[in-house]
$ cat protein_32.csv   # CSV, C-alpha atoms
chain,number,residue,atom,x,y,z
K,1,MET,CA,0.0,0.0,0.0
K,2,VAL,CA,1.2,3.5,-0.8
K,3,ASN,CA,2.5,5.2,2.4
K,4,ALA,CA,0.3,8.3,2.9
K,5,SER,CA,3.2,10.2,4.5
K,6,ARG,CA,5.5,9.6,1.5
K,7,ALA,CA,3.9,12.2,-0.7
K,8,GLY,CA,3.8,15.6,0.8
K,9,GLN,CA,7.3,16.0,2.3
K,10,ARG,CA,8.7,19.4,3.2
K,11,GLY,CA,5.3,20.3,4.6
K,12,LYS,CA,3.6,20.1,1.2
K,13,SER,CA,0.1,18.6,0.9
K,14,ILE,CA,-0.5,16.0,-1.8
K,15,GLU,CA,-2.4,18.6,-3.8
K,16,GLU,CA,0.7,20.9,-3.7
K,17,VAL,CA,3.0,17.9,-4.6
K,18,VAL,CA,1.0,17.1,-7.7
K,19,GLY,CA,0.7,20.7,-8.8
K,20,PHE,CA,4.5,21.1,-8.4
K,21,ALA,CA,5.4,17.9,-10.2
K,22,LEU,CA,3.3,18.9,-13.3
K,23,SER,CA,4.3,22.6,-13.4
K,24,HIS,CA,7.6,22.1,-15.3
K,25,ARG,CA,8.2,20.4,-18.6
K,26,ILE,CA,11.3,18.6,-17.5
K,27,ARG,CA,9.6,17.2,-14.4
K,28,VAL,CA,6.7,16.0,-16.6
K,29,CYS,CA,9.1,14.3,-19.0
K,30,VAL,CA,11.0,12.7,-16.1
K,31,LEU,CA,7.8,11.4,-14.6
K,32,ALA,CA,6.7,9.9,-17.9
K,33,LEU,CA,10.0,8.2,-18.4
K,34,LEU,CA,10.1,6.8,-14.9
K,35,ASN,CA,6.7,5.3,-15.4
K,36,GLU,CA,8.3,2.7,-17.7
K,37,GLY,CA,11.4,1.8,-15.7
K,38,THR,CA,14.3,2.7,-13.4
K,39,TYR,CA,16.9,5.2,-14.5
K,40,THR,CA,19.7,7.3,-13.2
K,41,PRO,CA,19.8,11.1,-13.7
K,42,ASP,CA,22.5,10.6,-16.3
K,43,ASP,CA,20.3,8.1,-18.1
K,44,ILE,CA,17.4,10.5,-18.0
K,45,ALA,CA,19.4,13.4,-19.2
K,46,GLN,CA,20.8,11.5,-22.2
K,47,ILE,CA,17.3,10.3,-23.2
K,48,LEU,CA,15.7,13.7,-22.8
K,49,GLY,CA,18.7,15.6,-24.3
K,50,GLU,CA,18.9,17.9,-21.3
K,51,PRO,CA,22.0,18.9,-19.2
K,52,THR,CA,22.6,16.3,-16.4
K,53,ASN,CA,22.8,19.0,-13.7
K,54,LYS,CA,19.4,20.3,-14.7
K,55,VAL,CA,17.8,16.9,-14.7
K,56,ALA,CA,19.5,15.9,-11.4
K,57,TYR,CA,18.0,19.0,-9.8
K,58,HIS,CA,14.5,18.2,-10.9
K,59,VAL,CA,14.9,14.5,-9.9
K,60,LYS,CA,16.0,15.6,-6.5
K,61,GLU,CA,13.0,18.0,-6.2
K,62,LEU,CA,10.6,15.2,-7.3
K,63,LEU,CA,12.1,12.7,-4.8
K,64,GLU,CA,11.9,15.1,-1.9
K,65,ALA,CA,8.3,16.0,-2.7
K,66,GLY,CA,7.4,12.3,-2.8
K,67,SER,CA,6.5,12.2,-6.5
K,68,ILE,CA,9.1,9.5,-7.3
K,69,GLU,CA,11.1,7.0,-5.3
K,70,LEU,CA,14.6,5.5,-5.1
K,71,ALA,CA,14.6,2.1,-6.7
K,72,LYS,CA,18.1,0.9,-5.9
K,73,VAL,CA,21.7,2.0,-5.3
K,74,GLU,CA,24.6,0.3,-7.1
K,75,LYS,CA,28.3,0.7,-6.8
K,76,VAL,CA,30.0,1.9,-10.0
K,77,ARG,CA,33.7,2.5,-9.8
K,78,ASN,CA,33.6,3.2,-6.1
K,79,ALA,CA,30.7,5.6,-6.5
K,80,ASP,CA,27.0,5.1,-5.6
K,81,GLN,CA,24.8,5.1,-8.7
K,82,HIS,CA,21.2,6.0,-7.7
K,83,TYR,CA,18.3,4.6,-9.8
K,84,TYR,CA,14.8,6.1,-9.6
K,85,ARG,CA,11.3,5.0,-10.5
K,86,ALA,CA,7.8,6.2,-10.4
K,87,VAL,CA,6.0,5.5,-7.1
K,88,GLU,CA,4.7,2.0,-7.5
K,89,MET,CA,0.9,1.8,-7.6
K,90,PRO,CA,-0.6,-1.6,-7.1
K,91,PHE,CA,-4.2,-2.4,-8.0
K,92,TYR,CA,-6.5,-1.6,-5.1
K,93,SER,CA,-9.8,-3.4,-4.8
K,94,ASN,CA,-12.9,-1.8,-3.4
K,95,GLU,CA,-12.2,-3.6,-0.1
K,96,ASP,CA,-8.7,-2.2,0.0
K,97,ALA,CA,-9.9,1.3,-0.6
K,98,GLU,CA,-12.6,1.1,2.1
K,99,ALA,CA,-9.9,0.0,4.6
K,100,MET,CA,-7.8,3.1,3.9
K,101,THR,CA,-8.0,6.4,5.7
K,102,PRO,CA,-9.2,9.4,3.7
K,103,LYS,CA,-5.7,10.8,3.6
K,104,GLN,CA,-4.4,7.5,2.1
K,105,ARG,CA,-7.1,7.6,-0.6
K,106,GLN,CA,-6.3,11.2,-1.4
K,107,VAL,CA,-2.6,10.4,-1.8
K,108,ILE,CA,-3.4,7.5,-4.1
K,109,ALA,CA,-5.7,9.7,-6.1
K,110,GLY,CA,-3.1,12.4,-6.4
K,111,LEU,CA,-0.3,10.1,-7.5
K,112,THR,CA,-2.6,8.4,-10.0
K,113,LEU,CA,-3.5,11.8,-11.5
K,114,GLN,CA,0.2,12.7,-11.5
K,115,HIS,CA,1.0,9.6,-13.5
K,116,MET,CA,-1.8,10.1,-16.0
K,117,MET,CA,-1.3,13.8,-16.5
K,118,ALA,CA,2.5,13.4,-17.0
K,119,GLU,CA,1.8,10.8,-19.7
K,120,ALA,CA,-0.8,13.0,-21.3
K,121,MET,CA,1.2,16.2,-21.3
K,122,ALA,CA,4.4,14.5,-22.6
K,123,ALA,CA,2.4,12.9,-25.4
K,124,PHE,CA,0.7,16.2,-26.2
K,125,TRP,CA,4.0,18.1,-26.4
K,126,ALA,CA,5.4,15.3,-28.7
K,127,GLY,CA,2.4,15.7,-31.0
K,128,LYS,CA,1.1,12.2,-30.3
K,129,LEU,CA,-2.5,13.3,-29.8
K,130,HIS,CA,-3.1,14.4,-33.3
K,131,GLU,CA,-1.0,11.9,-35.4
K,132,ASP,CA,-3.7,9.2,-35.7
K,133,PRO,CA,-7.1,10.7,-35.3
K,134,GLY,CA,-8.8,7.4,-36.2
K,135,GLN,CA,-7.4,5.7,-33.2
K,136,VAL,CA,-6.6,8.4,-30.6
K,137,TRP,CA,-9.7,8.6,-28.4
K,138,MET,CA,-10.2,11.7,-26.2
K,139,THR,CA,-13.5,12.7,-24.8
K,140,TRP,CA,-15.0,13.8,-21.6
K,141,ARG,CA,-18.4,14.9,-20.2
K,142,TRP,CA,-20.2,15.0,-16.9
K,143,PHE,CA,-23.3,13.0,-16.3
K,144,ASN,CA,-26.0,13.6,-13.6
K,145,LEU,CA,-26.7,10.2,-11.9
K,146,ASP,CA,-28.7,9.0,-9.0
K,147,ALA,CA,-27.3,6.4,-6.5
K,148,GLN,CA,-28.4,3.5,-8.8
K,149,GLY,CA,-26.8,5.2,-11.8
K,150,ARG,CA,-23.5,5.7,-10.0
K,151,GLU,CA,-23.5,2.0,-9.0
K,152,ASP,CA,-24.3,0.9,-12.6
K,153,LEU,CA,-21.6,3.1,-14.0
K,154,ALA,CA,-19.0,1.7,-11.6
K,155,ILE,CA,-19.9,-1.8,-12.6
K,156,GLU,CA,-19.7,-1.0,-16.3
K,157,GLN,CA,-16.3,0.8,-15.8
K,158,ALA,CA,-14.9,-2.3,-14.0
K,159,ARG,CA,-16.2,-4.5,-16.8
K,160,TRP,CA,-14.6,-2.3,-19.5
K,161,TRP,CA,-11.3,-2.2,-17.7
K,162,GLU,CA,-11.2,-6.0,-17.5
K,163,ARG,CA,-11.8,-6.1,-21.3
K,164,VAL,CA,-8.9,-3.7,-21.9
K,165,GLN,CA,-6.6,-6.1,-20.0
K,166,GLU,CA,-7.9,-9.0,-22.1
K,167,ILE,CA,-7.2,-7.1,-25.3
K,168,GLU,CA,-3.6,-6.6,-24.2
K,169,ALA,CA,-3.2,-10.3,-23.3
K,170,GLU,CA,-4.6,-11.2,-26.8
K,171,SER,CA,-2.2,-8.7,-28.4
K,172,THR,CA,0.8,-10.2,-26.5
K,173,SER,CA,-0.2,-13.7,-27.7
K,174,ARG,CA,-0.4,-12.6,-31.3
K,175,ARG,CA,2.9,-10.7,-31.1
K,176,ALA,CA,4.6,-13.8,-29.8
K,177,GLY,CA,3.9,-15.5,-33.1
K,178,SER,CA,4.2,-12.6,-35.5
K,179,GLY,CA,7.1,-10.7,-34.0
K,180,GLU,CA,5.2,-7.5,-34.6
K,181,ASP,CA,6.4,-4.5,-32.6
K,182,ALA,CA,3.9,-3.0,-30.2
K,183,ASP,CA,2.7,0.6,-29.7
K,184,SER,CA,2.7,1.8,-26.1
K,185,ILE,CA,-0.8,3.1,-25.6
K,186,VAL,CA,-2.0,5.0,-22.5
K,187,VAL,CA,-5.5,4.1,-21.4
K,188,ALA,CA,-6.9,6.4,-18.7
K,189,HIS,CA,-10.2,5.7,-17.2
K,190,LEU,CA,-11.9,8.1,-14.7
K,191,GLY,CA,-15.2,8.3,-13.0
K,192,PHE,CA,-15.5,10.7,-10.1
K,193,PRO,CA,-18.0,13.3,-8.6
K,194,ARG,CA,-17.6,16.8,-9.9
K,195,GLU,CA,-16.8,19.7,-7.6
K,196,ARG,CA,-19.9,21.4,-8.9
K,197,THR,CA,-23.4,20.4,-7.7
K,198,ALA,CA,-25.7,18.7,-10.1
K,199,PRO,CA,-28.8,20.8,-11.1
K,200,LYS,CA,-32.2,19.8,-9.9
K,201,VAL,CA,-34.4,17.7,-12.3
K,202,THR,CA,-36.8,20.6,-12.5
K,203,ASP,CA,-34.1,23.0,-13.8
K,204,ASN,CA,-34.0,23.8,-17.5
K,205,LYS,CA,-30.3,23.3,-17.6
K,206,ARG,CA,-28.6,20.0,-18.1
$ encode --input "protein_32.csv" --output "structure tokens"
Amino acid sequence: MVNASRAGQRGKSIEEVVGFALSHRIRVCVLALLNEGTYTPDDIAQILGEPTNKVAYHVKELLEAGSIELAKVEKVRNADQHYYRAVEMPFYSNEDAEAMTPKQRQVIAGLTLQHMMAEAMAAFWAGKLHEDPGQVWMTWRWFNLDAQGREDLAIEQARWWERVQEIEAESTSRRAGSGEDADSIVVAHLGFPRERTAPKVTDNKR
């Protein structure tokens, strides 16, 4: 389980941590890269084409804020080499979530948004969101639901997510035979109450 005290060091709240992590382009690109594996600041700098000292500074800031974590330390020619990764986020069942404190759930929500938004912004800057309009899916809308509707939606979202995992497994099986390269596709799935209050049924507004 994610440690609720990990994110929000230096007296920052998780809300401040996420805002800080996503407020600089290099930090966003570091986050997206660390989502896929463990890297040293030197590795990251080489991949991003940025000066090592600048990348190391942002890595240090992200680590101290709790946005990333130290994966391992290895000795290389009598020097410690530090490898970093994104904060590991296991799958949490409904039972797991219900057993958490509100602060723990808020930290997990914040780190999840951080992961998703880093991937989205990095892809946006790289022009990946307009290259293939037939297969890039982006849409959002709010829906006004009663208690039964919210439950039905949650069930449908869980079913849909299971199907996405099945599609990946089927794809992996086909690639094992064909040798075809894979595209790395981000699939983000959200369903949460808006900050705004839903209008009454008698209102003329939606």
$ closest_residue --input "protein_32.csv" --among "K:Ala126, K:Ala65, K:Val55, K:Met89" --to "Leu113 (chain K)" --atoms "all atoms listed in the file"
K:Met89
$ closest_residue --input "protein_32.csv" --among "K:Glu151, K:Glu61, K:Glu166, K:Glu95" --to "His24 (chain K)" --atoms "only C-alpha atoms"
K:Glu61
$ residues_around --input "protein_32.csv" --residues "region 42-45 of chain K" --least-positions-apart "4" --cutoff "10 Å" --atoms "only C-alpha atoms" --output "list in words"
Ile26, Cys29, Val30, Leu33, Leu34, Thr38, Gly49, Glu50, Pro51, Thr52, Asn53, Lys54, Val55, Ala56, Val59, Gln81, His82, Tyr83 and Tyr84 of chain K
$ closest_atom_pairs --input "protein_32.csv" --of "region 45-81 of chain K" --to "region 17-21 of chain K" --cutoff "8 Å" --atoms "all atoms listed in the file" --output "JSON lines"
{"residue": "K:Leu62", "atom": "CA", "partner": "K:Ala21", "partner_atom": "CA", "distance": 6.5}
{"residue": "K:Ala65", "atom": "CA", "partner": "K:Val17", "partner_atom": "CA", "distance": 5.9}
{"residue": "K:Gly66", "atom": "CA", "partner": "K:Val17", "partner_atom": "CA", "distance": 7.3}
{"residue": "K:Ser67", "atom": "CA", "partner": "K:Ala21", "partner_atom": "CA", "distance": 6.9}
$ closest_residue --input "protein_32.csv" --among "K:Ala99, K:Ala147, K:Val164, K:Leu111" --to "Ile185 (chain K)" --atoms "only C-alpha atoms"
K:Val164
$ decode --input "protein_32.csv" --residues "region 43-54 of chain K" --atoms "N, CA, C and O atoms" --output "PDB file, in the first residue's frame"
ATOM      1  N   ASP K  43      21.108   8.781 -17.115  1.00  0.00           N
ATOM      2  CA  ASP K  43      20.300   8.096 -18.138  1.00  0.00           C
ATOM      3  C   ASP K  43      19.193   9.019 -18.637  1.00  0.00           C
ATOM      4  O   ASP K  43      18.961   9.146 -19.844  1.00  0.00           O
ATOM      5  N   ILE K  44      18.500   9.625 -17.684  1.00  0.00           N
ATOM      6  CA  ILE K  44      17.365  10.489 -18.025  1.00  0.00           C
ATOM      7  C   ILE K  44      17.822  11.667 -18.871  1.00  0.00           C
ATOM      8  O   ILE K  44      17.193  12.019 -19.867  1.00  0.00           O
ATOM      9  N   ALA K  45      18.932  12.278 -18.464  1.00  0.00           N
ATOM     10  CA  ALA K  45      19.448  13.438 -19.193  1.00  0.00           C
ATOM     11  C   ALA K  45      19.792  13.074 -20.627  1.00  0.00           C
ATOM     12  O   ALA K  45      19.503  13.829 -21.566  1.00  0.00           O
ATOM     13  N   GLN K  46      20.400  11.898 -20.804  1.00  0.00           N
ATOM     14  CA  GLN K  46      20.766  11.466 -22.153  1.00  0.00           C
ATOM     15  C   GLN K  46      19.536  11.219 -23.013  1.00  0.00           C
ATOM     16  O   GLN K  46      19.481  11.620 -24.178  1.00  0.00           O
ATOM     17  N   ILE K  47      18.504  10.574 -22.434  1.00  0.00           N
ATOM     18  CA  ILE K  47      17.284  10.268 -23.178  1.00  0.00           C
ATOM     19  C   ILE K  47      16.530  11.548 -23.538  1.00  0.00           C
ATOM     20  O   ILE K  47      16.027  11.696 -24.658  1.00  0.00           O
ATOM     21  N   LEU K  48      16.465  12.482 -22.604  1.00  0.00           N
ATOM     22  CA  LEU K  48      15.712  13.716 -22.828  1.00  0.00           C
ATOM     23  C   LEU K  48      16.512  14.768 -23.584  1.00  0.00           C
ATOM     24  O   LEU K  48      15.939  15.760 -24.051  1.00  0.00           O
ATOM     25  N   GLY K  49      17.829  14.574 -23.667  1.00  0.00           N
ATOM     26  CA  GLY K  49      18.653  15.576 -24.335  1.00  0.00           C
ATOM     27  C   GLY K  49      18.779  16.861 -23.536  1.00  0.00           C
ATOM     28  O   GLY K  49      18.857  17.954 -24.099  1.00  0.00           O
ATOM     29  N   GLU K  50      18.810  16.721 -22.209  1.00  0.00           N
ATOM     30  CA  GLU K  50      18.930  17.870 -21.317  1.00  0.00           C
ATOM     31  C   GLU K  50      20.220  17.762 -20.512  1.00  0.00           C
ATOM     32  O   GLU K  50      20.765  16.671 -20.327  1.00  0.00           O
ATOM     33  N   PRO K  51      20.750  18.894 -20.014  1.00  0.00           N
ATOM     34  CA  PRO K  51      21.960  18.852 -19.191  1.00  0.00           C
ATOM     35  C   PRO K  51      21.743  18.004 -17.933  1.00  0.00           C
ATOM     36  O   PRO K  51      20.685  18.067 -17.307  1.00  0.00           O
ATOM     37  N   THR K  52      22.755  17.224 -17.577  1.00  0.00           N
ATOM     38  CA  THR K  52      22.637  16.333 -16.430  1.00  0.00           C
ATOM     39  C   THR K  52      22.360  17.094 -15.138  1.00  0.00           C
ATOM     40  O   THR K  52      21.543  16.664 -14.317  1.00  0.00           O
ATOM     41  N   ASN K  53      23.029  18.233 -14.940  1.00  0.00           N
ATOM     42  CA  ASN K  53      22.823  18.966 -13.695  1.00  0.00           C
ATOM     43  C   ASN K  53      21.390  19.485 -13.561  1.00  0.00           C
ATOM     44  O   ASN K  53      20.815  19.511 -12.473  1.00  0.00           O
ATOM     45  N   LYS K  54      20.796  19.872 -14.687  1.00  0.00           N
ATOM     46  CA  LYS K  54      19.414  20.348 -14.657  1.00  0.00           C
ATOM     47  C   LYS K  54      18.447  19.202 -14.346  1.00  0.00           C
ATOM     48  O   LYS K  54      17.536  19.342 -13.522  1.00  0.00           O
TER      49      LYS K  54
END
